[in-house]
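*Asks:* PDB, C-alpha atoms and all ligand atoms, file target_11.pdb:
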ATOM      1  CA  MET A  29     273.382 -21.933 144.883
ATOM      2  CA  LYS A  30     275.104 -23.363 141.832
ATOM      3  CA  PHE A  31     273.470 -23.899 138.438
ATOM      4  CA  ASN A  32     275.196 -26.122 135.878
ATOM      5  CA  ILE A  33     273.796 -25.911 132.366
ATOM      6  CA  ILE A  34     274.838 -28.379 129.679
ATOM      7  CA  THR A  35     273.939 -26.918 126.297
ATOM      8  CA  PRO A  36     275.034 -26.972 122.649
ATOM      9  CA  PHE A  37     274.083 -23.266 122.520
ATOM     10  CA  PRO A  38     275.846 -21.532 125.447
ATOM     11  CA  GLU A  39     275.318 -18.149 123.808
ATOM     12  CA  ILE A  40     271.559 -18.362 124.449
ATOM     13  CA  ILE A  41     272.191 -18.899 128.140
ATOM     14  CA  GLU A  42     275.101 -16.490 128.699
ATOM     15  CA  GLY A  43     273.302 -13.306 127.756
ATOM     16  CA  ALA A  44     270.223 -14.044 129.820
ATOM     17  CA  LEU A  45     272.164 -14.984 132.930
ATOM     18  CA  SER A  46     274.391 -11.925 132.873
ATOM     19  CA  ALA A  47     271.680  -9.250 132.922
ATOM     20  CA  SER A  48     269.293  -7.838 135.507
ATOM     21  CA  ILE A  49     268.472  -9.787 138.683
ATOM     22  CA  LEU A  50     270.037 -13.028 137.444
ATOM     23  CA  GLY A  51     273.331 -11.258 136.720
ATOM     24  CA  ARG A  52     273.290  -9.236 139.930
ATOM     25  CA  ALA A  53     272.806 -12.427 141.944
ATOM     26  CA  VAL A  54     276.276 -13.550 140.776
ATOM     27  CA  LYS A  55     277.864 -10.232 141.760
ATOM     28  CA  ASN A  56     276.194 -10.482 145.158
ATOM     29  CA  GLY A  57     277.564 -13.990 145.688
ATOM     30  CA  ILE A  58     274.113 -15.589 145.828
ATOM     31  CA  VAL A  59     274.484 -17.816 142.766
ATOM     32  CA  GLU A  60     277.112 -19.284 140.485
ATOM     33  CA  TYR A  61     276.472 -20.356 136.880
ATOM     34  CA  ASN A  62     278.561 -23.030 135.208
ATOM     35  CA  ILE A  63     277.714 -23.099 131.502
ATOM     36  CA  ILE A  64     279.039 -26.236 129.822
ATOM     37  CA  ASN A  65     279.399 -26.191 126.041
ATOM     38  CA  LEU A  66     278.179 -29.595 124.885
ATOM     39  CA  ARG A  67     279.594 -28.957 121.416
ATOM     40  CA  GLU A  68     283.081 -29.579 122.853
ATOM     41  CA  TYR A  69     282.046 -33.161 123.549
ATOM     42  CA  GLY A  70     280.625 -33.796 120.082
ATOM     43  CA  GLU A  71     281.877 -36.769 118.041
ATOM     44  CA  GLY A  72     284.360 -36.563 115.179
ATOM     45  CA  PRO A  73     285.679 -33.549 113.282
ATOM     46  CA  HIS A  74     282.195 -32.071 112.977
ATOM     47  CA  LYS A  75     281.508 -32.408 116.710
ATOM     48  CA  LYS A  76     278.343 -34.329 115.964
ATOM     49  CA  LEU A  77     275.749 -34.420 118.735
ATOM     50  CA  ASP A  78     272.759 -36.160 117.146
ATOM     51  CA  ASP A  79     271.849 -39.193 115.051
ATOM     52  CA  HIS A  80     268.826 -40.842 113.439
ATOM     53  CA  PRO A  81     266.353 -42.587 115.753
ATOM     54  CA  PHE A  82     266.306 -46.420 115.713
ATOM     55  CA  SER A  83     262.521 -46.125 115.482
ATOM     56  CA  GLY A  84     262.880 -44.458 112.085
ATOM     57  CA  GLY A  85     260.863 -41.466 110.983
ATOM     58  CA  PRO A  86     261.799 -37.825 110.747
ATOM     59  CA  GLY A  87     263.940 -35.889 113.217
ATOM     60  CA  MET A  88     267.175 -36.551 115.042
ATOM     61  CA  VAL A  89     267.937 -37.688 118.581
ATOM     62  CA  MET A  90     270.745 -36.314 120.746
ATOM     63  CA  MET A  91     273.278 -39.066 121.373
ATOM     64  CA  ALA A  92     273.990 -40.285 124.899
ATOM     65  CA  GLY A  93     277.812 -40.255 124.473
ATOM     66  CA  PRO A  94     278.504 -36.508 124.384
ATOM     67  CA  ILE A  95     276.072 -35.814 127.237
ATOM     68  CA  PHE A  96     277.551 -38.559 129.464
ATOM     69  CA  GLU A  97     281.075 -37.333 128.714
ATOM     70  CA  ALA A  98     280.243 -33.710 129.474
ATOM     71  CA  PHE A  99     278.519 -34.784 132.669
ATOM     72  CA  GLU A 100     281.327 -37.036 133.866
ATOM     73  CA  LYS A 101     284.136 -34.649 132.981
ATOM     74  CA  GLU A 102     282.562 -31.439 134.238
ATOM     75  CA  LEU A 103     280.390 -32.475 137.150
ATOM     76  CA  SER A 104     281.539 -35.682 138.784
ATOM     77  CA  ASP A 105     284.097 -34.128 141.152
ATOM     78  CA  SER A 106     281.590 -32.045 143.083
ATOM     79  CA  ASP A 107     280.332 -33.922 146.095
ATOM     80  CA  THR A 108     276.759 -32.640 146.415
ATOM     81  CA  ASP A 109     273.821 -34.799 145.433
ATOM     82  CA  LYS A 110     272.493 -32.842 142.511
ATOM     83  CA  ARG A 111     269.065 -32.854 140.975
ATOM     84  CA  VAL A 112     269.444 -33.150 137.232
ATOM     85  CA  ILE A 113     266.692 -31.501 135.227
ATOM     86  CA  LEU A 114     265.788 -32.295 131.649
ATOM     87  CA  PRO A 115     263.286 -29.753 130.301
ATOM     88  CA  THR A 116     260.948 -31.655 128.009
ATOM     89  CA  PRO A 117     257.335 -31.354 126.858
ATOM     90  CA  VAL A 118     256.722 -34.849 128.308
ATOM     91  CA  GLY A 119     257.811 -33.858 131.827
ATOM     92  CA  VAL A 120     255.766 -32.970 134.909
ATOM     93  CA  LYS A 121     254.243 -29.510 134.697
ATOM     94  CA  TYR A 122     256.331 -26.758 136.301
ATOM     95  CA  ASP A 123     254.699 -24.518 138.886
ATOM     96  CA  GLN A 124     255.548 -22.204 141.771
ATOM     97  CA  LYS A 125     255.504 -25.073 144.262
ATOM     98  CA  LEU A 126     258.211 -26.887 142.311
ATOM     99  CA  ALA A 127     260.181 -23.615 142.002
ATOM    100  CA  GLU A 128     260.105 -23.316 145.794
ATOM    101  CA  GLU A 129     261.200 -26.921 146.202
ATOM    102  CA  LEU A 130     264.123 -26.468 143.784
ATOM    103  CA  SER A 131     265.193 -23.225 145.475
ATOM    104  CA  LYS A 132     266.114 -25.271 148.573
ATOM    105  CA  GLU A 133     268.762 -27.267 146.663
ATOM    106  CA  LYS A 134     272.484 -26.411 146.810
ATOM    107  CA  GLU A 135     273.139 -27.266 143.193
ATOM    108  CA  LEU A 136     271.105 -28.035 140.066
ATOM    109  CA  VAL A 137     272.065 -29.402 136.659
ATOM    110  CA  PHE A 138     270.154 -28.657 133.456
ATOM    111  CA  ILE A 139     270.543 -30.696 130.287
ATOM    112  CA  CYS A 140     269.254 -28.782 127.272
ATOM    113  CA  GLY A 141     267.855 -31.142 124.659
ATOM    114  CA  HIS A 142     267.236 -30.351 120.994
ATOM    115  CA  TYR A 143     265.633 -31.902 117.935
ATOM    116  CA  LYS A 144     263.364 -34.855 118.760
ATOM    117  CA  GLY A 145     264.856 -35.163 122.241
ATOM    118  CA  VAL A 146     267.700 -36.977 123.984
ATOM    119  CA  ASP A 147     268.531 -40.692 123.985
ATOM    120  CA  GLU A 148     266.419 -42.261 126.731
ATOM    121  CA  ARG A 149     269.515 -43.743 128.407
ATOM    122  CA  VAL A 150     270.441 -40.207 129.462
ATOM    123  CA  VAL A 151     267.055 -39.946 131.153
ATOM    124  CA  ASP A 152     267.397 -43.377 132.774
ATOM    125  CA  SER A 153     270.909 -42.846 134.138
ATOM    126  CA  LEU A 154     271.449 -39.136 134.741
ATOM    127  CA  VAL A 155     268.159 -37.268 134.958
ATOM    128  CA  THR A 156     266.199 -36.957 138.208
ATOM    129  CA  ASP A 157     263.466 -34.558 137.006
ATOM    130  CA  GLU A 158     261.803 -34.261 133.595
ATOM    131  CA  ILE A 159     259.995 -30.917 133.626
ATOM    132  CA  SER A 160     257.645 -29.244 131.148
ATOM    133  CA  ILE A 161     257.065 -25.505 131.367
ATOM    134  CA  GLY A 162     253.731 -25.719 129.566
ATOM    135  CA  ASP A 163     251.644 -27.396 126.921
ATOM    136  CA  TYR A 164     253.463 -26.122 123.871
ATOM    137  CA  VAL A 165     256.634 -27.190 122.102
ATOM    138  CA  LEU A 166     259.815 -25.115 122.016
ATOM    139  CA  THR A 167     262.854 -25.709 119.803
ATOM    140  CA  GLY A 168     265.202 -26.574 122.652
ATOM    141  CA  GLY A 169     265.763 -26.803 126.396
ATOM    142  CA  GLU A 170     267.535 -23.464 126.847
ATOM    143  CA  ILE A 171     264.469 -21.251 127.210
ATOM    144  CA  PRO A 172     262.710 -23.630 129.634
ATOM    145  CA  SER A 173     265.968 -23.945 131.632
ATOM    146  CA  LEU A 174     266.196 -20.166 131.830
ATOM    147  CA  ALA A 175     262.566 -19.909 132.897
ATOM    148  CA  ILE A 176     263.174 -22.397 135.696
ATOM    149  CA  ILE A 177     266.455 -20.755 136.767
ATOM    150  CA  ASP A 178     264.831 -17.312 136.782
ATOM    151  CA  SER A 179     261.924 -18.465 138.913
ATOM    152  CA  VAL A 180     264.284 -20.185 141.375
ATOM    153  CA  VAL A 181     266.854 -17.374 141.689
ATOM    154  CA  ARG A 182     264.246 -14.755 142.551
ATOM    155  CA  LEU A 183     263.222 -16.901 145.529
ATOM    156  CA  LEU A 184     266.732 -16.926 147.002
ATOM    157  CA  GLU A 185     267.365 -14.658 149.923
ATOM    158  CA  GLY A 186     268.843 -11.332 148.830
ATOM    159  CA  ALA A 187     268.181 -11.841 145.100
ATOM    160  CA  ILE A 188     265.390  -9.299 144.866
ATOM    161  CA  SER A 189     265.387  -6.099 146.818
ATOM    162  CA  ASP A 190     261.847  -6.352 148.176
ATOM    163  CA  PRO A 191     261.078  -9.929 149.226
ATOM    164  CA  GLU A 192     257.525  -8.961 150.145
ATOM    165  CA  SER A 193     256.887  -8.251 146.498
ATOM    166  CA  ALA A 194     257.719 -11.895 145.653
ATOM    167  CA  GLU A 195     255.293 -13.109 148.287
ATOM    168  CA  THR A 196     252.333 -11.248 146.824
ATOM    169  CA  ASP A 197     253.049 -12.213 143.205
ATOM    170  CA  SER A 198     250.570 -14.307 141.302
ATOM    171  CA  PHE A 199     251.093 -17.984 142.191
ATOM    172  CA  SER A 200     252.844 -17.267 145.489
ATOM    173  CA  HIS A 201     249.420 -16.018 146.458
ATOM    174  CA  PRO A 202     246.557 -18.429 145.712
ATOM    175  CA  LEU A 203     244.994 -15.807 143.375
ATOM    176  CA  LEU A 204     246.321 -13.807 140.411
ATOM    177  CA  ASP A 205     248.060 -10.515 141.111
ATOM    178  CA  VAL A 206     246.339  -7.122 140.695
ATOM    179  CA  PRO A 207     247.270  -4.501 138.061
ATOM    180  CA  HIS A 208     249.913  -1.979 139.127
ATOM    181  CA  TYR A 209     250.287   1.739 138.410
ATOM    182  CA  THR A 210     252.977   4.331 139.032
ATOM    183  CA  ARG A 211     253.330   8.065 138.348
ATOM    184  CA  PRO A 212     251.900  10.047 136.661
ATOM    185  CA  ALA A 213     248.344   9.598 137.978
ATOM    186  CA  ASN A 214     247.039  10.801 134.622
ATOM    187  CA  PHE A 215     248.893   9.494 131.587
ATOM    188  CA  ARG A 216     247.556  10.784 128.241
ATOM    189  CA  GLY A 217     244.118  11.062 129.763
ATOM    190  CA  MET A 218     244.214   7.568 131.280
ATOM    191  CA  GLU A 219     243.572   7.819 134.995
ATOM    192  CA  VAL A 220     244.821   5.586 137.789
ATOM    193  CA  PRO A 221     241.827   4.043 139.657
ATOM    194  CA  GLU A 222     240.741   6.709 142.142
ATOM    195  CA  ILE A 223     240.858   4.415 145.135
ATOM    196  CA  LEU A 224     244.639   4.048 144.782
ATOM    197  CA  LEU A 225     245.041   7.796 145.307
ATOM    198  CA  SER A 226     242.788   7.843 148.367
ATOM    199  CA  GLY A 227     245.469   6.877 150.878
ATOM    200  CA  ASP A 228     242.918   4.608 152.597
ATOM    201  CA  HIS A 229     244.955   1.408 152.925
ATOM    202  CA  LYS A 230     242.120  -0.691 154.276
ATOM    203  CA  LYS A 231     239.871   0.170 151.341
ATOM    204  CA  ILE A 232     242.722  -0.395 148.910
ATOM    205  CA  GLU A 233     243.302  -3.858 150.355
ATOM    206  CA  ILE A 234     239.590  -4.725 149.914
ATOM    207  CA  TRP A 235     239.696  -3.403 146.332
ATOM    208  CA  LYS A 236     242.766  -5.525 145.615
ATOM    209  CA  ASN A 237     241.224  -8.675 147.046
ATOM    210  CA  GLU A 238     238.042  -8.222 145.005
ATOM    211  CA  LEU A 239     240.060  -7.647 141.873
ATOM    212  CA  ARG A 240     242.252 -10.685 142.518
ATOM    213  CA  LEU A 241     239.176 -12.870 142.784
ATOM    214  CA  LYS A 242     237.514 -11.343 139.717
ATOM    215  CA  ARG A 243     240.639 -11.762 137.571
ATOM    216  CA  THR A 244     241.222 -15.303 138.730
ATOM    217  CA  LYS A 245     237.601 -16.266 138.009
ATOM    218  CA  GLU A 246     237.776 -14.721 134.544
ATOM    219  CA  ARG A 247     241.223 -15.885 133.508
ATOM    220  CA  ARG A 248     242.182 -18.931 135.541
ATOM    221  CA  ALA A 249     239.117 -20.591 137.015
ATOM    222  CA  ASP A 250     241.225 -23.776 137.191
ATOM    223  CA  ILE A 251     243.266 -22.278 140.066
ATOM    224  CA  LEU A 252     240.089 -21.753 142.115
ATOM    225  CA  THR A 253     238.980 -25.353 141.643
ATOM    226  CA  GLU A 254     242.497 -26.656 142.460
ATOM    227  CA  ASN A 255     242.628 -24.695 145.716
ATOM    228  CA  LYS A 256     239.224 -25.967 146.782
ATOM    229  CA  GLY A 257     240.259 -29.587 146.326
TER
HETATM  230  N1  LIG B   1     261.296 -28.464 125.293
HETATM  231  C1  LIG B   1     260.480 -28.215 124.256
HETATM  232  N2  LIG B   1     259.286 -27.796 124.669
HETATM  233  C2  LIG B   1     259.328 -27.769 126.037
HETATM  234  C3  LIG B   1     258.419 -27.436 127.051
HETATM  235  N3  LIG B   1     257.172 -27.034 126.782
HETATM  236  N4  LIG B   1     258.816 -27.519 128.323
HETATM  237  C4  LIG B   1     260.063 -27.935 128.622
HETATM  238  N5  LIG B   1     260.975 -28.288 127.703
HETATM  239  C5  LIG B   1     260.620 -28.203 126.421
END
Hey, can you dump this file as structure tokens for me?
Ligand code: ADE

*Replies:*
Amino acid sequence: MKFNIITPFPEIIEGALSASILGRAVKNGIVEYNIINLREYGEGPHKKLDDHPFSGGPGMVMMAGPIFEAFEKELSDSDTDKRVILPTPVGVKYDQKLAEELSKEKELVFICGHYKGVDERVVDSLVTDEISIGDYVLTGGEIPSLAIIDSVVRLLEGAISDPESAETDSFSHPLLDVPHYTRPANFRGMEVPEILLSGDHKKIEIWKNELRLKRTKERRADILTENKG
């Protein structure tokens, strides 16, 4: 799967995509990242990317020109129909279901906005999906793009060593995940729950299911109501 990321701050993206599972996925031939430096398409000697909004008021808007040029020059010769994602707080809310849907695509494009946002003509002509990663405002689209890429890559076959572990994660499962422990069984006087040392897998499974339900009720009752409907 190929990820194209158009960003004025490639350095934010590069580090994150070269480490751990996301970096290993490149070495294993599962994914390819094409990081496009929007700054190169900026206008004039200062490589300007933004301008004042016609509506007035504070803040700047990213101009359509540099984004269209980067898009046309860097992406138009590939023949796949690509979904083009603009992370934005006004987008549809991202969830595991959408991650699964995106993981079936051959190629994705991310446009990382900054400041007040991007000129709406970019949205009208290039963007297929406006996505919000939550009800809070970040300074730019790089971190949301990385969150989406991370959640998609780990769903690709061969990206993580134990695919069963992805299936039981919170949100792949309709309830939140349980707490996990590893050795030692006693760490500074803090004991692992006894049942986990019992070797009785049936009982452990019951314990886990009860805990999943309890946690979900306490922390995310909204998930329980959603699943009922
Ligand atoms: N850009 C700024 N805030 C964002 C958010 N919550 N989700 C996606 N993109 C954003």

*Asks:* Return as a list in words the set of residues that the PyMOL selection byres (((chain A and resi 130) around 10) and not hetatm) yields on the displayed structure.

*Replies:* Arg111, Gln124, Lys125, Leu126, Ala127, Glu128, Glu129, Ser131, Lys132, Glu133, Lys134, Glu135, Leu136, Ile176, Ile177, Ser179, Val180, Val181 and Leu183 of chain A

*Asks:* Could the residues in this selection be written to a file with C-alpha atoms, as a PDB file, in the coordinates of the input?

*Replies:*
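The new file out.pdb reads:
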ATOM      1  CA  ARG A 111     269.065 -32.854 140.975  1.00  0.00           C
ATOM      2  CA  GLN A 124     255.548 -22.204 141.771  1.00  0.00           C
ATOM      3  CA  LYS A 125     255.504 -25.073 144.262  1.00  0.00           C
ATOM      4  CA  LEU A 126     258.211 -26.887 142.311  1.00  0.00           C
ATOM      5  CA  ALA A 127     260.181 -23.615 142.002  1.00  0.00           C
ATOM      6  CA  GLU A 128     260.105 -23.316 145.794  1.00  0.00           C
ATOM      7  CA  GLU A 129     261.200 -26.921 146.202  1.00  0.00           C
ATOM      8  CA  SER A 131     265.193 -23.225 145.475  1.00  0.00           C
ATOM      9  CA  LYS A 132     266.114 -25.271 148.573  1.00  0.00           C
ATOM     10  CA  GLU A 133     268.762 -27.267 146.663  1.00  0.00           C
ATOM     11  CA  LYS A 134     272.484 -26.411 146.810  1.00  0.00           C
ATOM     12  CA  GLU A 135     273.139 -27.266 143.193  1.00  0.00           C
ATOM     13  CA  LEU A 136     271.105 -28.035 140.066  1.00  0.00           C
ATOM     14  CA  ILE A 176     263.174 -22.397 135.696  1.00  0.00           C
ATOM     15  CA  ILE A 177     266.455 -20.755 136.767  1.00  0.00           C
ATOM     16  CA  SER A 179     261.924 -18.465 138.913  1.00  0.00           C
ATOM     17  CA  VAL A 180     264.284 -20.185 141.375  1.00  0.00           C
ATOM     18  CA  VAL A 181     266.854 -17.374 141.689  1.00  0.00           C
ATOM     19  CA  LEU A 183     263.222 -16.901 145.529  1.00  0.00           C
TER      20      LEU A 183
END

*Asks:* Going by the chain IDs and residue numbers used in this file, which residues fall under the PyMOL selection byres (((chain A and resi 163) around 10) and not hetatm)? Write them as a list of chain:residue names.

*Replies:* A:Pro117, A:Val118, A:Lys121, A:Ser160, A:Ile161, A:Gly162, A:Tyr164, A:Val165, A:Leu166

*Asks:* Residues contacting ligand LIG 1 (chain B) - anything with an atom at most 12 Å away, using all atoms listed in the file - can you give me those as a ChimeraX atom specification?

*Replies:* /A:113-123,138-146,157-176

*Asks:* Mind dumping the selected residues with C-alpha atoms as a PDB file, in the frame of the given file?

*Replies:*
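part12.pdb was written with the following content:
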ATOM      1  CA  ILE A 113     266.692 -31.501 135.227  1.00  0.00           C
ATOM      2  CA  LEU A 114     265.788 -32.295 131.649  1.00  0.00           C
ATOM      3  CA  PRO A 115     263.286 -29.753 130.301  1.00  0.00           C
ATOM      4  CA  THR A 116     260.948 -31.655 128.009  1.00  0.00           C
ATOM      5  CA  PRO A 117     257.335 -31.354 126.858  1.00  0.00           C
ATOM      6  CA  VAL A 118     256.722 -34.849 128.308  1.00  0.00           C
ATOM      7  CA  GLY A 119     257.811 -33.858 131.827  1.00  0.00           C
ATOM      8  CA  VAL A 120     255.766 -32.970 134.909  1.00  0.00           C
ATOM      9  CA  LYS A 121     254.243 -29.510 134.697  1.00  0.00           C
ATOM     10  CA  TYR A 122     256.331 -26.758 136.301  1.00  0.00           C
ATOM     11  CA  ASP A 123     254.699 -24.518 138.886  1.00  0.00           C
ATOM     12  CA  PHE A 138     270.154 -28.657 133.456  1.00  0.00           C
ATOM     13  CA  ILE A 139     270.543 -30.696 130.287  1.00  0.00           C
ATOM     14  CA  CYS A 140     269.254 -28.782 127.272  1.00  0.00           C
ATOM     15  CA  GLY A 141     267.855 -31.142 124.659  1.00  0.00           C
ATOM     16  CA  HIS A 142     267.236 -30.351 120.994  1.00  0.00           C
ATOM     17  CA  TYR A 143     265.633 -31.902 117.935  1.00  0.00           C
ATOM     18  CA  LYS A 144     263.364 -34.855 118.760  1.00  0.00           C
ATOM     19  CA  GLY A 145     264.856 -35.163 122.241  1.00  0.00           C
ATOM     20  CA  VAL A 146     267.700 -36.977 123.984  1.00  0.00           C
ATOM     21  CA  ASP A 157     263.466 -34.558 137.006  1.00  0.00           C
ATOM     22  CA  GLU A 158     261.803 -34.261 133.595  1.00  0.00           C
ATOM     23  CA  ILE A 159     259.995 -30.917 133.626  1.00  0.00           C
ATOM     24  CA  SER A 160     257.645 -29.244 131.148  1.00  0.00           C
ATOM     25  CA  ILE A 161     257.065 -25.505 131.367  1.00  0.00           C
ATOM     26  CA  GLY A 162     253.731 -25.719 129.566  1.00  0.00           C
ATOM     27  CA  ASP A 163     251.644 -27.396 126.921  1.00  0.00           C
ATOM     28  CA  TYR A 164     253.463 -26.122 123.871  1.00  0.00           C
ATOM     29  CA  VAL A 165     256.634 -27.190 122.102  1.00  0.00           C
ATOM     30  CA  LEU A 166     259.815 -25.115 122.016  1.00  0.00           C
ATOM     31  CA  THR A 167     262.854 -25.709 119.803  1.00  0.00           C
ATOM     32  CA  GLY A 168     265.202 -26.574 122.652  1.00  0.00           C
ATOM     33  CA  GLY A 169     265.763 -26.803 126.396  1.00  0.00           C
ATOM     34  CA  GLU A 170     267.535 -23.464 126.847  1.00  0.00           C
ATOM     35  CA  ILE A 171     264.469 -21.251 127.210  1.00  0.00           C
ATOM     36  CA  PRO A 172     262.710 -23.630 129.634  1.00  0.00           C
ATOM     37  CA  SER A 173     265.968 -23.945 131.632  1.00  0.00           C
ATOM     38  CA  LEU A 174     266.196 -20.166 131.830  1.00  0.00           C
ATOM     39  CA  ALA A 175     262.566 -19.909 132.897  1.00  0.00           C
ATOM     40  CA  ILE A 176     263.174 -22.397 135.696  1.00  0.00           C
TER      41      ILE A 176
END

*Asks:* What does the distance from CA of Asp78 (chain A) to CA of Asn62 (chain A) come to in Å, to one decimal?

*Replies:*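 CA of Asp78 (chain A) sits 23.1 Å away from CA of Asn62 (chain A).
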
*Asks:* Go ahead and fit an axis-aligned box to every listed atom of region 140-149 of chain A plus 6 Å each side, and pass me the centre and edge lengths in Å, one decimal, as AutoDock Vina command-line options.

*Replies:*
--center_x 266.4 --center_y -36.3 --center_z 123.2 --size_x 18.2 --size_y 27.0 --size_z 22.5

*Asks:* Quick one: residues within 12 Å of Met91 (chain A), only C-alpha atoms counted, chain neighbours fewer than 6 positions away excluded, as number ranges by chain?

*Replies:* A: 66-67, 69-71, 75-82, 97-98, 141-151

*Asks:* Nearest residue to Gly43 (chain A) out of A:Tyr61, A:Ser153, A:His208, A:Phe99, using all atoms listed in the file?

*Replies:*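 Counting all atoms listed in the file, the residue closest to Gly43 (chain A) is A:Tyr61.
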
*Asks:* Quick one: residues within 12 Å of Ser189 (chain A), all atoms listed in the file, excluding same-chain residues fewer than 6 positions away - as number ranges by chain?

*Replies:* A: 49, 52-53, 56, 182-183

*Asks:* Kindly save the residues from that selection, with C-alpha atoms included, as a PDB file, in the frame of the given file.

*Replies:*
ATOM      1  CA  ILE A  49     268.472  -9.787 138.683  1.00  0.00           C
ATOM      2  CA  ARG A  52     273.290  -9.236 139.930  1.00  0.00           C
ATOM      3  CA  ALA A  53     272.806 -12.427 141.944  1.00  0.00           C
ATOM      4  CA  ASN A  56     276.194 -10.482 145.158  1.00  0.00           C
ATOM      5  CA  ARG A 182     264.246 -14.755 142.551  1.00  0.00           C
ATOM      6  CA  LEU A 183     263.222 -16.901 145.529  1.00  0.00           C
TER       7      LEU A 183
END
